[in-house]
file work-v9.cif (mmCIF, C-alpha atoms)
data_coords
#
loop_
_atom_site.label_atom_id
_atom_site.label_comp_id
_atom_site.auth_asym_id
_atom_site.auth_seq_id
_atom_site.Cartn_x
_atom_site.Cartn_y
_atom_site.Cartn_z
CA MET A 1 67.87 120.07 -11.96
CA LYS A 2 65.33 117.75 -10.44
CA THR A 3 62.40 116.26 -12.29
CA ALA A 4 58.89 116.88 -11.00
CA TRP A 5 58.29 113.35 -9.86
CA LEU A 6 61.27 113.27 -7.54
CA THR A 7 60.28 113.78 -3.90
CA PHE A 8 61.97 112.30 -0.89
CA PHE A 9 61.04 110.17 2.07
CA ILE A 10 63.06 107.76 4.16
CA VAL A 11 61.90 105.67 7.06
CA PHE A 12 62.94 107.50 10.22
CA CYS A 13 64.45 104.46 11.87
CA ALA A 14 66.88 104.12 8.98
CA TRP A 15 68.77 107.20 10.14
CA THR A 16 68.89 106.66 13.87
CA ALA A 17 71.85 105.28 15.79
CA ARG A 18 71.73 101.84 17.37
CA PRO A 19 69.54 102.22 20.49
CA ALA A 20 70.79 101.22 23.90
CA ASP A 21 67.68 99.20 24.68
CA PRO A 22 68.52 95.53 23.86
CA SER A 23 64.91 94.93 22.85
CA GLN A 24 65.47 97.37 19.98
CA ASP A 25 68.77 95.86 18.82
CA ALA A 26 69.02 95.59 15.02
CA ARG A 27 70.15 91.95 15.30
CA GLY A 28 72.67 92.33 12.49
CA ARG A 29 70.07 93.41 9.93
CA GLN A 30 68.61 96.69 8.73
CA PHE A 31 66.36 97.68 5.86
CA ILE A 32 66.31 101.23 4.51
CA GLY A 33 63.46 102.22 2.23
CA PHE A 34 63.02 105.22 -0.06
CA ASP A 35 59.78 105.98 -1.83
CA SER A 36 60.86 109.39 -3.11
CA PHE A 37 64.16 111.04 -3.96
CA GLU A 38 64.14 114.80 -3.50
CA ARG A 39 67.34 114.87 -1.46
CA PHE A 40 69.27 112.85 -4.02
CA SER A 41 71.62 115.10 -5.99
CA THR A 42 71.06 115.16 -9.75
CA THR A 43 73.89 115.46 -12.25
CA ASN A 44 74.51 114.63 -15.88
CA ALA A 45 76.89 111.86 -16.87
CA ALA A 46 79.88 112.66 -19.08
CA THR A 47 77.93 111.70 -22.20
CA ALA A 48 74.98 113.95 -21.22
CA ALA A 49 72.73 111.08 -22.28
CA GLU A 50 72.24 109.99 -18.67
CA THR A 51 71.00 111.58 -15.49
CA VAL A 52 72.70 110.37 -12.32
CA LEU A 53 70.90 110.44 -8.96
CA THR A 54 73.20 110.17 -5.93
CA SER A 55 71.89 109.68 -2.41
CA PRO A 56 73.11 111.70 0.53
CA GLU A 57 75.37 109.78 2.89
CA ILE A 58 73.28 107.03 4.49
CA ASN A 59 74.09 106.25 8.10
CA PRO A 60 72.62 102.91 9.22
CA ARG A 61 72.51 101.94 12.87
CA ILE A 62 74.56 98.80 12.22
CA LYS A 63 77.92 98.08 10.69
CA PHE A 64 77.42 95.95 7.59
CA ASP A 65 79.48 93.79 5.28
CA GLU A 66 76.75 92.86 2.80
CA ALA A 67 74.24 94.99 0.89
CA ILE A 68 71.41 94.15 -1.50
CA VAL A 69 69.53 96.81 -3.48
CA SER A 70 66.01 96.24 -4.82
CA TRP A 71 63.64 98.61 -6.59
CA ASN A 72 60.18 99.15 -8.05
CA ALA A 73 60.00 101.21 -11.23
CA GLN A 74 57.93 101.72 -14.33
CA VAL A 75 60.44 101.59 -17.17
CA PRO A 76 59.40 102.54 -20.73
CA SER A 77 60.54 100.36 -23.61
CA GLY A 78 64.00 101.46 -24.68
CA SER A 79 64.87 102.73 -21.21
CA TYR A 80 66.94 101.33 -18.35
CA LEU A 81 68.16 101.88 -14.78
CA VAL A 82 71.64 101.23 -13.38
CA PHE A 83 72.00 100.74 -9.61
CA GLU A 84 75.34 101.23 -7.83
CA VAL A 85 76.48 101.26 -4.19
CA ARG A 86 79.67 102.34 -2.48
CA ALA A 87 80.75 102.00 1.14
CA LEU A 88 82.13 105.00 3.03
CA TYR A 89 84.81 104.68 5.68
CA ASP A 90 86.31 107.41 7.88
CA LYS A 91 88.88 108.59 5.36
CA VAL A 92 88.15 106.76 2.15
CA ALA A 93 85.32 105.50 -0.04
CA THR A 94 85.20 102.35 -2.11
CA LYS A 95 84.44 102.51 -5.80
CA TYR A 96 80.82 102.28 -6.88
CA TYR A 97 79.84 98.65 -7.42
CA THR A 98 77.09 97.89 -9.93
CA LEU A 99 74.29 95.79 -8.42
CA GLY A 100 72.03 95.61 -11.44
CA ILE A 101 71.16 96.96 -14.88
CA TRP A 102 67.38 96.83 -15.18
CA SER A 103 65.41 97.05 -18.40
CA THR A 104 62.09 95.85 -19.77
CA ASP A 105 63.55 95.91 -23.30
CA PRO A 106 66.45 93.44 -23.21
CA VAL A 107 67.02 93.69 -26.97
CA ARG A 108 68.07 97.34 -26.70
CA HIS A 109 69.35 97.27 -23.12
CA PRO A 110 70.23 93.78 -21.84
CA ARG A 111 68.98 93.20 -18.30
CA SER A 112 72.00 91.99 -16.37
CA SER A 113 74.11 91.70 -13.30
CA VAL A 114 77.77 92.69 -13.69
CA SER A 115 80.61 90.25 -13.07
CA ASN A 116 84.35 90.76 -12.42
CA GLN A 117 84.05 93.69 -10.02
CA ASP A 118 86.41 92.25 -7.38
CA ASP A 119 88.95 94.59 -5.80
CA PRO A 120 90.69 94.87 -2.40
CA ASP A 121 87.57 96.41 -0.85
CA GLY A 122 84.91 93.95 -1.94
CA THR A 123 83.20 91.84 -4.55
CA VAL A 124 79.77 91.47 -6.12
CA SER A 125 78.18 88.04 -6.14
CA THR A 126 75.47 88.53 -8.79
CA ASP A 127 73.16 90.73 -6.68
CA VAL A 128 74.98 91.02 -3.32
CA LEU A 129 77.79 93.45 -2.47
CA LYS A 130 80.24 91.71 -0.11
CA LEU A 131 82.75 93.96 1.64
CA LYS A 132 86.12 92.80 2.94
CA GLN A 133 85.77 95.11 5.97
CA PRO A 134 82.51 96.18 7.66
CA ALA A 135 81.35 99.73 6.90
CA GLN A 136 79.15 102.17 8.79
CA HIS A 137 78.03 104.42 5.93
CA LEU A 138 77.10 104.11 2.25
CA GLN A 139 75.79 105.89 -0.81
CA VAL A 140 73.57 104.73 -3.65
CA ARG A 141 73.78 105.97 -7.23
CA ILE A 142 71.15 105.47 -9.94
CA SER A 143 71.70 106.22 -13.63
CA LEU A 144 68.84 106.66 -16.11
CA PRO A 145 68.35 108.23 -19.55
CA SER A 146 68.26 112.02 -19.73
CA TYR A 147 65.55 112.08 -22.38
CA GLN A 148 62.21 112.86 -20.76
CA ALA A 149 60.28 110.41 -22.95
CA LEU A 150 62.50 107.54 -21.78
CA LYS A 151 62.80 108.45 -18.11
CA PRO A 152 61.66 105.63 -15.83
CA LYS A 153 59.40 106.41 -12.89
CA LEU A 154 61.23 105.10 -9.85
CA LYS A 155 58.60 104.27 -7.23
CA PHE A 156 60.68 102.65 -4.52
CA LEU A 157 64.25 101.79 -3.57
CA GLY A 158 65.18 99.36 -0.81
CA ILE A 159 68.58 98.64 0.70
CA SER A 160 68.99 95.50 2.80
CA LEU A 161 72.11 95.53 4.99
CA ALA A 162 73.59 92.65 6.96
CA ASP A 163 76.34 92.14 9.48
CA THR A 164 77.12 88.53 8.62
CA ASN A 165 79.12 88.08 11.84
CA ALA A 166 76.17 88.95 14.09
CA LYS A 167 74.84 86.05 16.14
CA PRO A 168 71.70 87.37 17.87
CA PRO A 169 69.79 85.17 20.31
CA GLU A 170 66.77 83.40 18.89
CA LEU A 171 63.49 85.23 19.27
CA GLU A 172 60.49 83.59 20.89
CA PRO A 173 58.25 81.95 18.27
CA ASN A 174 55.28 84.01 17.15
CA ARG A 175 52.64 81.39 17.89
CA SER A 176 49.85 83.59 16.50
CA ALA A 177 50.86 82.18 13.09
CA TRP A 178 50.65 78.55 14.21
CA GLY A 179 47.69 76.90 12.56
CA ASP A 180 47.46 79.55 9.82
CA LEU A 181 47.39 78.62 6.13
CA ILE A 182 47.31 81.29 3.40
CA PRO A 183 45.60 80.04 0.20
CA VAL A 184 48.45 80.71 -2.22
CA PRO A 185 47.96 78.86 -5.53
CA GLU A 186 50.18 75.82 -5.99
CA ARG A 187 52.35 75.88 -9.12
CA SER A 188 55.16 73.58 -10.20
CA GLN A 189 58.24 74.73 -12.06
CA MET A 190 58.57 71.19 -13.40
CA ALA A 191 55.63 71.73 -15.76
CA TYR A 192 57.93 73.55 -18.18
CA PRO A 193 60.73 72.29 -20.47
CA ASN A 194 63.46 74.15 -18.56
CA GLY A 195 61.65 73.81 -15.25
CA LYS A 196 64.62 72.78 -13.14
CA VAL A 197 65.88 76.38 -13.13
CA LEU A 198 62.55 78.20 -12.69
CA CYS A 199 61.99 78.10 -8.92
CA SER A 200 62.25 81.87 -8.50
CA PRO A 201 59.80 82.99 -11.22
CA THR A 202 57.44 80.17 -10.17
CA THR A 203 57.42 81.47 -6.60
CA VAL A 204 56.80 85.03 -7.81
CA SER A 205 53.99 83.72 -10.03
CA MET A 206 52.39 82.02 -7.02
CA LEU A 207 52.63 85.11 -4.81
CA LEU A 208 51.17 87.37 -7.50
CA GLY A 209 48.46 84.80 -8.15
CA TYR A 210 47.45 85.00 -4.50
CA TRP A 211 47.11 88.80 -4.61
CA ALA A 212 45.21 88.57 -7.92
CA GLU A 213 42.58 86.51 -6.11
CA ILE A 214 42.52 88.59 -2.92
CA LEU A 215 42.30 91.93 -4.76
CA HIS A 216 40.08 90.66 -7.61
CA ARG A 217 42.72 91.86 -10.06
CA PRO A 218 43.30 89.15 -12.67
CA ASN A 219 45.98 91.32 -14.32
CA LEU A 220 48.28 90.46 -11.38
CA ASP A 221 48.24 86.77 -12.26
CA HIS A 222 51.24 86.05 -14.52
CA SER A 223 52.25 82.65 -15.78
CA VAL A 224 55.63 81.18 -14.94
CA PRO A 225 56.99 81.67 -18.50
CA GLU A 226 55.87 85.32 -18.42
CA VAL A 227 57.72 85.98 -15.18
CA ALA A 228 60.78 84.03 -16.32
CA ALA A 229 61.06 86.09 -19.52
CA ALA A 230 60.72 89.34 -17.55
CA VAL A 231 63.44 88.58 -14.96
CA TYR A 232 66.07 86.77 -17.06
CA ASP A 233 69.60 87.95 -16.23
CA SER A 234 71.65 87.87 -19.44
CA GLN A 235 74.99 87.90 -17.58
CA TRP A 236 74.10 85.22 -15.06
CA GLN A 237 72.08 83.41 -17.74
CA GLY A 238 69.27 82.50 -15.41
CA THR A 239 66.09 83.66 -13.70
CA GLY A 240 67.24 83.58 -10.08
CA ASN A 241 68.52 87.14 -9.66
CA TRP A 242 66.75 88.14 -6.43
CA PRO A 243 66.11 91.88 -7.10
CA PHE A 244 65.13 91.24 -10.72
CA ASN A 245 62.30 89.01 -9.52
CA THR A 246 60.92 91.57 -7.10
CA ALA A 247 61.50 94.38 -9.62
CA PHE A 248 59.14 92.64 -12.02
CA ALA A 249 56.45 92.27 -9.35
CA GLY A 250 56.97 95.83 -8.17
CA SER A 251 56.65 97.22 -11.69
CA ILE A 252 52.94 96.36 -11.56
CA ASP A 253 50.72 99.25 -10.57
CA GLY A 254 49.81 99.14 -6.88
CA ILE A 255 52.33 96.43 -5.90
CA ARG A 256 55.34 96.85 -3.62
CA ALA A 257 58.05 94.20 -3.79
CA TYR A 258 61.59 94.01 -2.45
CA ILE A 259 64.35 91.86 -1.01
CA THR A 260 65.22 91.90 2.66
CA ARG A 261 66.75 89.63 5.27
CA LEU A 262 65.03 88.62 8.48
CA SER A 263 66.73 87.55 11.69
CA ASP A 264 64.88 84.28 12.33
CA VAL A 265 61.68 82.27 11.89
CA SER A 266 59.79 84.37 14.44
CA GLU A 267 59.87 87.34 12.06
CA LEU A 268 58.70 85.10 9.22
CA GLU A 269 55.80 84.00 11.43
CA THR A 270 54.91 87.66 11.93
CA TRP A 271 54.35 88.06 8.17
CA ILE A 272 52.26 84.89 7.99
CA ALA A 273 50.12 86.02 10.93
CA HIS A 274 49.56 89.22 8.93
CA LYS A 275 48.25 87.09 6.01
CA ILE A 276 51.16 88.01 3.72
CA PRO A 277 52.97 85.01 2.18
CA VAL A 278 56.71 85.35 1.71
CA GLY A 279 59.25 83.93 -0.73
CA LEU A 280 62.29 82.27 0.87
CA SER A 281 65.76 81.65 -0.54
CA LEU A 282 67.21 78.49 0.98
CA ASP A 283 69.28 75.37 0.42
CA TYR A 284 67.06 72.65 -1.01
CA ASP A 285 69.25 69.78 0.19
CA ARG A 286 69.23 70.99 3.79
CA LEU A 287 65.49 71.62 3.67
CA ARG A 288 64.96 67.96 2.75
CA ALA A 289 67.73 66.71 5.08
CA LYS A 290 69.58 65.27 2.08
CA GLY A 291 72.97 66.89 2.55
CA PRO A 292 74.90 70.07 3.23
CA GLY A 293 74.32 71.62 -0.22
CA PRO A 294 74.75 74.08 -1.75
CA ASN A 295 71.61 73.69 -3.82
CA GLY A 296 69.86 77.05 -4.01
CA HIS A 297 66.07 77.08 -4.21
CA ILE A 298 63.16 79.52 -3.80
CA VAL A 299 59.88 78.54 -2.14
CA ALA A 300 56.80 80.33 -0.81
CA CYS A 301 56.06 80.17 2.90
CA VAL A 302 52.27 80.00 3.16
CA GLY A 303 51.67 79.00 6.78
CA PHE A 304 52.61 77.02 9.87
CA THR A 305 51.14 73.92 11.41
CA LYS A 306 49.65 73.95 14.90
CA GLN A 307 53.00 72.57 16.09
CA GLY A 308 55.00 75.40 14.46
CA ASP A 309 56.39 73.56 11.43
CA PRO A 310 56.48 75.62 8.21
CA ILE A 311 54.06 74.97 5.36
CA LEU A 312 55.75 75.71 2.04
CA ASN A 313 54.61 75.83 -1.55
CA ASP A 314 57.63 74.06 -3.02
CA PRO A 315 57.68 74.54 -6.81
CA GLY A 316 60.44 71.95 -7.21
CA THR A 317 58.05 68.99 -7.42
CA SER A 318 55.63 67.88 -10.11
CA ALA A 319 52.82 67.11 -7.66
CA ASN A 320 51.92 67.92 -4.05
CA VAL A 321 53.48 71.37 -4.20
CA ARG A 322 52.25 72.23 -0.69
CA LYS A 323 54.39 70.47 1.91
CA VAL A 324 55.23 70.56 5.59
CA PHE A 325 58.90 70.51 6.62
CA PRO A 326 60.45 70.22 10.08
CA ARG A 327 61.09 73.61 11.61
CA LYS A 328 64.74 72.77 12.29
CA ASN A 329 65.23 71.95 8.59
CA LEU A 330 63.91 75.36 7.59
CA VAL A 331 66.17 77.14 10.08
CA ASP A 332 69.23 75.32 8.72
CA ALA A 333 68.32 75.66 5.03
CA TRP A 334 67.26 79.32 5.19
CA SER A 335 70.43 80.35 7.03
CA CYS A 336 72.41 79.61 3.85
CA SER A 337 70.99 82.79 2.27
CA LYS A 338 71.26 84.69 5.57
CA ASN A 339 67.47 84.53 5.78
CA THR A 340 66.75 86.28 2.48
CA VAL A 341 63.09 86.83 1.59
CA TYR A 342 60.97 88.11 -1.30
CA VAL A 343 58.29 90.42 0.10
CA ILE A 344 55.40 91.20 -2.27
CA TYR A 345 52.18 92.93 -1.19
CA PRO A 346 49.80 95.75 -2.22
CA GLU A 347 51.14 99.28 -1.68
CA ASN A 348 48.07 100.22 0.32
CA PHE A 349 48.48 97.30 2.74
CA ALA A 350 50.28 98.03 5.99
CA PRO A 351 52.97 95.42 6.64
CA PRO A 352 53.30 93.95 10.14
CA GLU A 353 54.90 95.89 12.96
CA ASP A 354 58.67 96.04 12.45
CA ARG A 355 60.35 96.28 15.84
CA PHE A 356 63.91 95.99 14.53
CA CYS A 357 63.77 97.91 11.21
CA HIS A 358 64.18 94.76 9.15
CA TRP A 359 61.54 95.69 6.56
CA TYR A 360 59.93 98.79 5.19
CA CYS A 361 57.02 100.35 7.06
CA VAL A 362 54.63 101.87 4.51
CA LYS A 363 53.17 105.26 5.42
CA THR A 364 49.95 106.01 3.63
CA ARG A 365 49.91 109.43 2.00
CA ASN A 366 46.87 111.34 0.73
#
call {"tool": "encode", "arguments": {"input": "work-v9.cif", "output": "structure tokens"}}
result
Amino acid sequence: MKTAWLTFFIVFCAWTARPADPSQDARGRQFIGFDSFERFSTTNAATAAETVLTSPEINPRIKFDEAIVSWNAQVPSGSYLVFEVRALYDKVATKYYTLGIWSTDPVRHPRSSVSNQDDPDGTVSTDVLKLKQPAQHLQVRISLPSYQALKPKLKFLGISLADTNAKPPELEPNRSAWGDLIPVPERSQMAYPNGKVLCSPTTVSMLLGYWAEILHRPNLDHSVPEVAAAVYDSQWQGTGNWPFNTAFAGSIDGIRAYITRLSDVSELETWIAHKIPVGLSLDYDRLRAKGPGPNGHIVACVGFTKQGDPILNDPGTSANVRKVFPRKNLVDAWSCSKNTVYVIYPENFAPPEDRFCHWYCVKTRN
């Protein structure tokens, strides 16, 4: 049986086939967003202590070989959520791969990614499902406690899909963002004893701090140690799990947060022109032209110069957090994560127009 809070909605473009018009090509990326779940089937696990929600077959308009799941939920203490994905082929399905165990009570339910899931069909690299062969269809499964008092309220589920072999032509720059600077607070991860590994929670702290000021909601402003404690991945033993960071932000009332992948800097400029700063996952060595990497890092993109160079709040320095980097450096460094971004904004804000279905288009409901 379905609980009362489960209703279903999916962005229409998520279900359509790839259009013939080249201007509407998915460019090797697609984002599918759910903000309700009525059409998910509901069953009990073998122990009867869990309820399992399983999506209908999802038919993206691209073939994909990588998938990232992110979510926003209010999770009571003592509760948890388990997120799994499987790929569907013409005559066979893969196993379900676990892409995250989420909890706000890590003593009772450790918050963790799951290692050692490799098989002939694919592998999980912390928070990314990587398939050996591209797939056209998928399903998502979510497990949660059966006890009503412990049931989380799942507000949003996002699935970011990528065809890592796609090589779309570069889009024209969105010059409407050139000369824009969003006043995101500058915070350094190096101010803390274990600061060298805190780039991700520091970036989330900066982005939430910006919205706290814009919305006059001081409760949105969380310190770096607060965010770090709330996103720590006990398996990975770090704070850089992408969906865990956005899950913390999205657990706050009125905030939507998720992981997606853009196709190039032009789409990033579209967000900046819309006055929404964005977190970027990139290679720090390439950003600074100091080598090929890998040296993973998270920064906040807060604007562009009048010449089109990115302005970043780089938490990896003790002073002068806000810096300008050459555009070509950003392109090279960001490509290492396949243009992964943290998107965090108020639920009642409309995101920028999404011509390629690369992010979730919020529809306001009465």
call {"tool": "atom_distance", "arguments": {"input": "work-v9.cif", "atom1": "atom CA of A:Leu181", "atom2": "atom CA of A:Gln30"}}
result
28.0 Å
call {"tool": "residues_around", "arguments": {"input": "work-v9.cif", "residues": "A:Thr94", "least_positions_apart": "4", "cutoff": "9 Å", "atoms": "only C-alpha atoms", "output": "MDAnalysis selection string"}}
result
chainID A and resid 86:89 121:122
call {"tool": "residues_around", "arguments": {"input": "work-v9.cif", "residues": "stretch 192-206 of chain A", "least_positions_apart": "5", "cutoff": "7 Å", "atoms": "only C-alpha atoms", "output": "VMD selection string"}}
result
chain A and resid 184 to 187 221 to 224 227 to 228 239 to 240 245 279 297 to 300 315 to 316
call {"tool": "atom_distance", "arguments": {"input": "work-v9.cif", "atom1": "atom CA of A:Gln237", "atom2": "atom CA of A:Pro110"}}
result
11.3 Å
call {"tool": "residues_around", "arguments": {"input": "work-v9.cif", "residues": "stretch 129-144 of chain A", "least_positions_apart": "4", "cutoff": "7 Å", "atoms": "only C-alpha atoms", "output": "PyMOL selection string"}}
result
chain A and resi 50-60+62-68+80-89+121-125+151
call {"tool": "atom_distance", "arguments": {"input": "work-v9.cif", "atom1": "atom CA of A:Ile311", "atom2": "atom CA of A:Val324"}}
result
4.6 Å
call {"tool": "residues_near_point", "arguments": {"input": "work-v9.cif", "point": "(61.8, 69.8, 3.4)", "cutoff": "8 Å", "atoms": "only C-alpha atoms", "output": "PDB file with C-alpha atoms, keeping the file's coordinate frame"}}
result
ATOM      1  CA  TYR A 284      67.060  72.650  -1.010  1.00  0.00           C
ATOM      2  CA  ARG A 286      69.230  70.990   3.790  1.00  0.00           C
ATOM      3  CA  LEU A 287      65.490  71.620   3.670  1.00  0.00           C
ATOM      4  CA  ARG A 288      64.960  67.960   2.750  1.00  0.00           C
ATOM      5  CA  ALA A 289      67.730  66.710   5.080  1.00  0.00           C
ATOM      6  CA  LYS A 323      54.390  70.470   1.910  1.00  0.00           C
ATOM      7  CA  VAL A 324      55.230  70.560   5.590  1.00  0.00           C
ATOM      8  CA  PHE A 325      58.900  70.510   6.620  1.00  0.00           C
ATOM      9  CA  PRO A 326      60.450  70.220  10.080  1.00  0.00           C
ATOM     10  CA  ASN A 329      65.230  71.950   8.590  1.00  0.00           C
ATOM     11  CA  LEU A 330      63.910  75.360   7.590  1.00  0.00           C
TER      12      LEU A 330
END
call {"tool": "residues_near_point", "arguments": {"input": "work-v9.cif", "point": "(42.0, 76.8, 6.2)", "cutoff": "12 Å", "atoms": "all atoms listed in the file", "output": "PDB file with C-alpha atoms, in the frame of the given file"}}
result
ATOM      1  CA  TRP A 178      50.650  78.550  14.210  1.00  0.00           C
ATOM      2  CA  GLY A 179      47.690  76.900  12.560  1.00  0.00           C
ATOM      3  CA  ASP A 180      47.460  79.550   9.820  1.00  0.00           C
ATOM      4  CA  LEU A 181      47.390  78.620   6.130  1.00  0.00           C
ATOM      5  CA  ILE A 182      47.310  81.290   3.400  1.00  0.00           C
ATOM      6  CA  PRO A 183      45.600  80.040   0.200  1.00  0.00           C
ATOM      7  CA  VAL A 184      48.450  80.710  -2.220  1.00  0.00           C
ATOM      8  CA  VAL A 302      52.270  80.000   3.160  1.00  0.00           C
ATOM      9  CA  GLY A 303      51.670  79.000   6.780  1.00  0.00           C
ATOM     10  CA  PHE A 304      52.610  77.020   9.870  1.00  0.00           C
ATOM     11  CA  THR A 305      51.140  73.920  11.410  1.00  0.00           C
ATOM     12  CA  LYS A 306      49.650  73.950  14.900  1.00  0.00           C
TER      13      LYS A 306
END
call {"tool": "resolve_selection", "arguments": {"input": "work-v9.cif", "expression": "the PyMOL selection byres ((chain A and resi 173) around 9)", "output": "list in words"}}
result
Glu170, Leu171, Glu172, Asn174, Arg175, Ser176, Val265, Ser266, Glu267, Glu269 and Gly308 of chain A
call {"tool": "closest_residue", "arguments": {"input": "work-v9.cif", "among": "A:Ala247, A:Val114, A:Ile214, A:Ala273", "to": "A:Gln235", "atoms": "only C-alpha atoms"}}
result
A:Val114
call {"tool": "closest_residue", "arguments": {"input": "work-v9.cif", "among": "A:Val321, A:Asp233, A:Val92, A:Ile272", "to": "A:Ala191", "atoms": "only C-alpha atoms"}}
result
A:Val321
call {"tool": "residues_around", "arguments": {"input": "work-v9.cif", "residues": "A:Ala49", "least_positions_apart": "2", "cutoff": "7 Å", "atoms": "all atoms listed in the file", "output": "ChimeraX atom specification"}}
result
/A:45,47,145-146
call {"tool": "closest_residue", "arguments": {"input": "work-v9.cif", "among": "A:Val107, A:Leu150, A:Ile344, A:Ala230", "to": "A:Tyr258", "atoms": "only C-alpha atoms"}}
result
A:Ile344
call {"tool": "resolve_selection", "arguments": {"input": "work-v9.cif", "expression": "the PyMOL selection byres ((chain A and resi 126) around 8)", "output": "JSON, numbers by chain"}}
result
{"A": [99, 113, 114, 115, 124, 125, 127, 128, 236, 241]}
call {"tool": "closest_residue", "arguments": {"input": "work-v9.cif", "among": "A:Glu226, A:Glu347, A:Asp285, A:Asp314", "to": "A:Asp253", "atoms": "all atoms listed in the file"}}
result
A:Glu347
call {"tool": "resolve_selection", "arguments": {"input": "work-v9.cif", "expression": "the PyMOL selection byres ((chain A and resi 278) around 7)", "output": "ChimeraX atom specification"}}
result
/A:276-277,279-280,300-301,341-343
call {"tool": "residues_around", "arguments": {"input": "work-v9.cif", "residues": "A:Ala257", "least_positions_apart": "3", "cutoff": "10 Å", "atoms": "all atoms listed in the file", "output": "list in words"}}
result
Ser70, Trp71, Asn72, Phe156, Leu157, Gly158, Pro243, Asn245, Thr246, Ala247, Phe248, Ala249, Gly250, Ser251, Ile252, Thr260, Tyr342, Val343, Ile344, Tyr345, Pro346 and Glu347 of chain A
call {"tool": "closest_residue", "arguments": {"input": "work-v9.cif", "among": "A:Arg355, A:Ser160, A:Arg322, A:Arg61", "to": "A:Thr340", "atoms": "only C-alpha atoms"}}
result
A:Ser160
